[in-house]
Amino acid sequence: MICIIASNLNLEIIEKNSIRLDMLIIISFGVLLILLKYNLNQNKNTMQKSCKEIIILIIIVLNLINVMYNAKYSMEKIRVEVSRINQPDYSIVVNKYKDVLNVLKEYDKSTYRLEKNANITPNDSLCFGYNGIGYSGSAYSKSLIEFLRNMGVRHRHVHLDYNAECTKVVDMLLGIKYMIELKTEALVKEYQKIEDYQNMYFEIFKNPYYLGLGYSVGDKAINSNQQYDTNDTFYIQNDILKKLTNIDEEVYIKHRGEIIESNRDVKLENGNYVKIEFYPALIYEFEVESEENLYVYLVAKEQKKSRIFINGEEKRKCFVLGNNEMINLGKRRIGEKIRIEIALEEKELYIEEIYAYYENSETFLKHYNKLKESAIDIEEISSREFKGIISANEDNTNVMFTIPYEEGWKIEIDGEVTSYSKVLDTFIRYKSG
């Protein structure tokens, strides 16, 4: 219950009295610390010692007042937010998610990652006990956050949100084996539906390009860093994939035609588009050039709640969980006109960059098959121990696990302890053979 409440809190609304109290306490702390320092610098006597104790006592009392007031304020906010939630409906959804996850655990007992197209909490993977990408907290390393952001995963502060419209390359490389989809939303990706599972709320899809959580990679990936000077996730994904497989062919092909930009009921003010009417929107139009899967990636100046419309039909909300958004438009006819409208829900929005790319399915399969040759299915013995079998390629003796790098792991190969290092400045890598 706490998780869903936290995700729904409107953190942009801060009570003025709370700010005033915090500022008053900060100023008071400063004055008291100056007095305390002055007291300590003087010759010690009984009167000065008593003064020091009084100052320390006042600081403690102020701290307690601040903590108690903020706790009361937070609980009041929670009470208000809870009153807006339909508790019976919430319980039903939570139980249905538990049901579908339990079915998957019985259906496939191997170790894998899965994701969903709708979140109940900021940390569904922790709340429901599965391995996923989305996460909210400070435990992720800076390099991992940077890697996921580069791959098009939505990012805001310490919150990472997996978008079900992420590319097939992301799902493949990160070992996402299953997708859980609400029946009200169609999965754009060409994944295999698990027909054995029947549920009135959800559908389960299997990723046919699942690699597992480890595979051999090329030497070029070893010394690669993530210092890209572009937000173009397709360029970055092409670059990373070529380094991993040693295949110098790009999966994502840039849209070459013009993308016409316009707007409706907005005006440009201080570098941002500010709404002036009830239905303001930023508009992007272009003609399809290929029958391959089409992706559009948007990068905004900052997070501003908006909605996406494709050819007049509302698709979903956007820029709610970050300032970057991936839109998977699927396969389209050559010459088909695409009209993307980003409707403003807040006062202003500025989209800095828009990228449109087509996914070359033939080249994608080349990269997939190369990595699949040495993919490893990892068996989870416990939360801190894994095991598996791998046959490294002759030209790819570097084995990468898509487990975030940190010190303290012990890797044994055929019973012998081996050292490990970073690959892509993010994951665990050891050299075999």
# chains A, B, ... in the order shown; residues from 1 in each chain; ligands from 1
call {"tool": "select_by_dssp", "arguments": {"residues": "range 55-295 of chain A", "states": "helix (DSSP H, G or I)", "output": "PyMOL selection string"}}
result
chain A and resi 55-82+87-107+124-128+142-150+168-173+219-221+233-245
call {"tool": "select_by_dssp", "arguments": {"residues": "range 82-204 of chain A", "states": "strand (DSSP E)", "output": "list in words"}}
result
Arg113, Leu114, Glu115, Lys116, Tyr135, Ser136, Arg154, His155, Arg156, His159, Leu160, Asp161, Ile176, Lys177, Tyr178, Met179, Ile180, Glu181, Leu182, Gln192, Lys193, Phe202, Glu203 and Ile204 of chain A
call {"tool": "closest_residue", "arguments": {"among": "A:Arg149, A:Leu211, A:Ile327, A:Glu362", "to": "Ala375 in chain A", "atoms": "only C-alpha atoms"}}
result
A:Leu211
call {"tool": "residues_around", "arguments": {"residues": "Phe202 in chain A", "least_positions_apart": "4", "cutoff": "8 Å", "atoms": "only C-alpha atoms", "output": "ChimeraX atom specification"}}
result
/A:100,180-183
call {"tool": "atom_distance", "arguments": {"atom1": "CA of Ile259 in chain A", "atom2": "CA of Glu325 in chain A"}}
result
17.2 Å
call {"tool": "atom_distance", "arguments": {"atom1": "CA of Leu64 in chain A", "atom2": "CA of Met23 in chain A"}}
result
15.2 Å
call {"tool": "atom_distance", "arguments": {"atom1": "CA of Tyr420 in chain A", "atom2": "CA of Thr245 in chain A"}}
result
20.0 Å
call {"tool": "closest_residue", "arguments": {"among": "A:Glu250, A:Asp232, A:Asp265, A:Asp108", "to": "Met151 in chain A", "atoms": "only C-alpha atoms"}}
result
A:Asp232
call {"tool": "residues_around", "arguments": {"residues": "Gly137 in chain A", "least_positions_apart": "2", "cutoff": "7 Å", "atoms": "only C-alpha atoms", "output": "VMD selection string"}}
result
chain A and resid 135 139 158 to 159
call {"tool": "residues_around", "arguments": {"residues": "Val320 in chain A", "least_positions_apart": "5", "cutoff": "10 Å", "atoms": "only C-alpha atoms", "output": "compact mmCIF listing (two decimals) with N, CA, C and O atoms, in the first residue's frame"}}
result
# COMPACT_ATOMS: atom_id res chain seq x y z
N ARG A 154 13.56 5.24 -19.85
CA ARG A 154 13.19 6.53 -19.25
C ARG A 154 13.90 6.71 -17.91
O ARG A 154 14.00 5.79 -17.12
N ARG A 156 14.59 9.53 -14.56
CA ARG A 156 14.33 10.77 -13.81
C ARG A 156 14.95 10.63 -12.43
O ARG A 156 14.53 9.80 -11.63
N GLN A 303 11.24 17.20 -17.83
CA GLN A 303 10.04 16.39 -17.69
C GLN A 303 8.81 17.27 -17.57
O GLN A 303 8.69 18.08 -16.66
N LYS A 304 7.86 17.11 -18.52
CA LYS A 304 6.60 17.85 -18.50
C LYS A 304 5.49 16.91 -18.97
O LYS A 304 5.56 16.38 -20.08
N LYS A 305 4.49 16.71 -18.15
CA LYS A 305 3.43 15.76 -18.48
C LYS A 305 2.72 16.15 -19.77
O LYS A 305 2.28 17.29 -19.94
N SER A 306 2.62 15.16 -20.68
CA SER A 306 1.99 15.39 -21.97
C SER A 306 1.31 14.09 -22.41
O SER A 306 1.36 13.08 -21.72
N ARG A 307 0.69 14.13 -23.59
CA ARG A 307 0.05 12.95 -24.16
C ARG A 307 0.46 12.81 -25.61
O ARG A 307 0.65 13.80 -26.32
N GLU A 325 11.44 9.77 -24.35
CA GLU A 325 10.33 8.87 -24.68
C GLU A 325 10.60 8.13 -25.99
O GLU A 325 10.94 8.74 -26.99
call {"tool": "residues_around", "arguments": {"residues": "range 165-167 of chain A", "least_positions_apart": "5", "cutoff": "8 Å", "atoms": "only C-alpha atoms", "output": "ChimeraX atom specification"}}
result
/A:152-153,188-189,295,326-328
call {"tool": "closest_residue", "arguments": {"among": "A:His255, A:Ala343, A:Glu336, A:Asn199", "to": "Ile283 in chain A", "atoms": "only C-alpha atoms"}}
result
A:Ala343
call {"tool": "closest_residue", "arguments": {"among": "A:Pro280, A:Gly330, A:Gly322, A:Pro208", "to": "Tyr358 in chain A", "atoms": "only C-alpha atoms"}}
result
A:Gly330
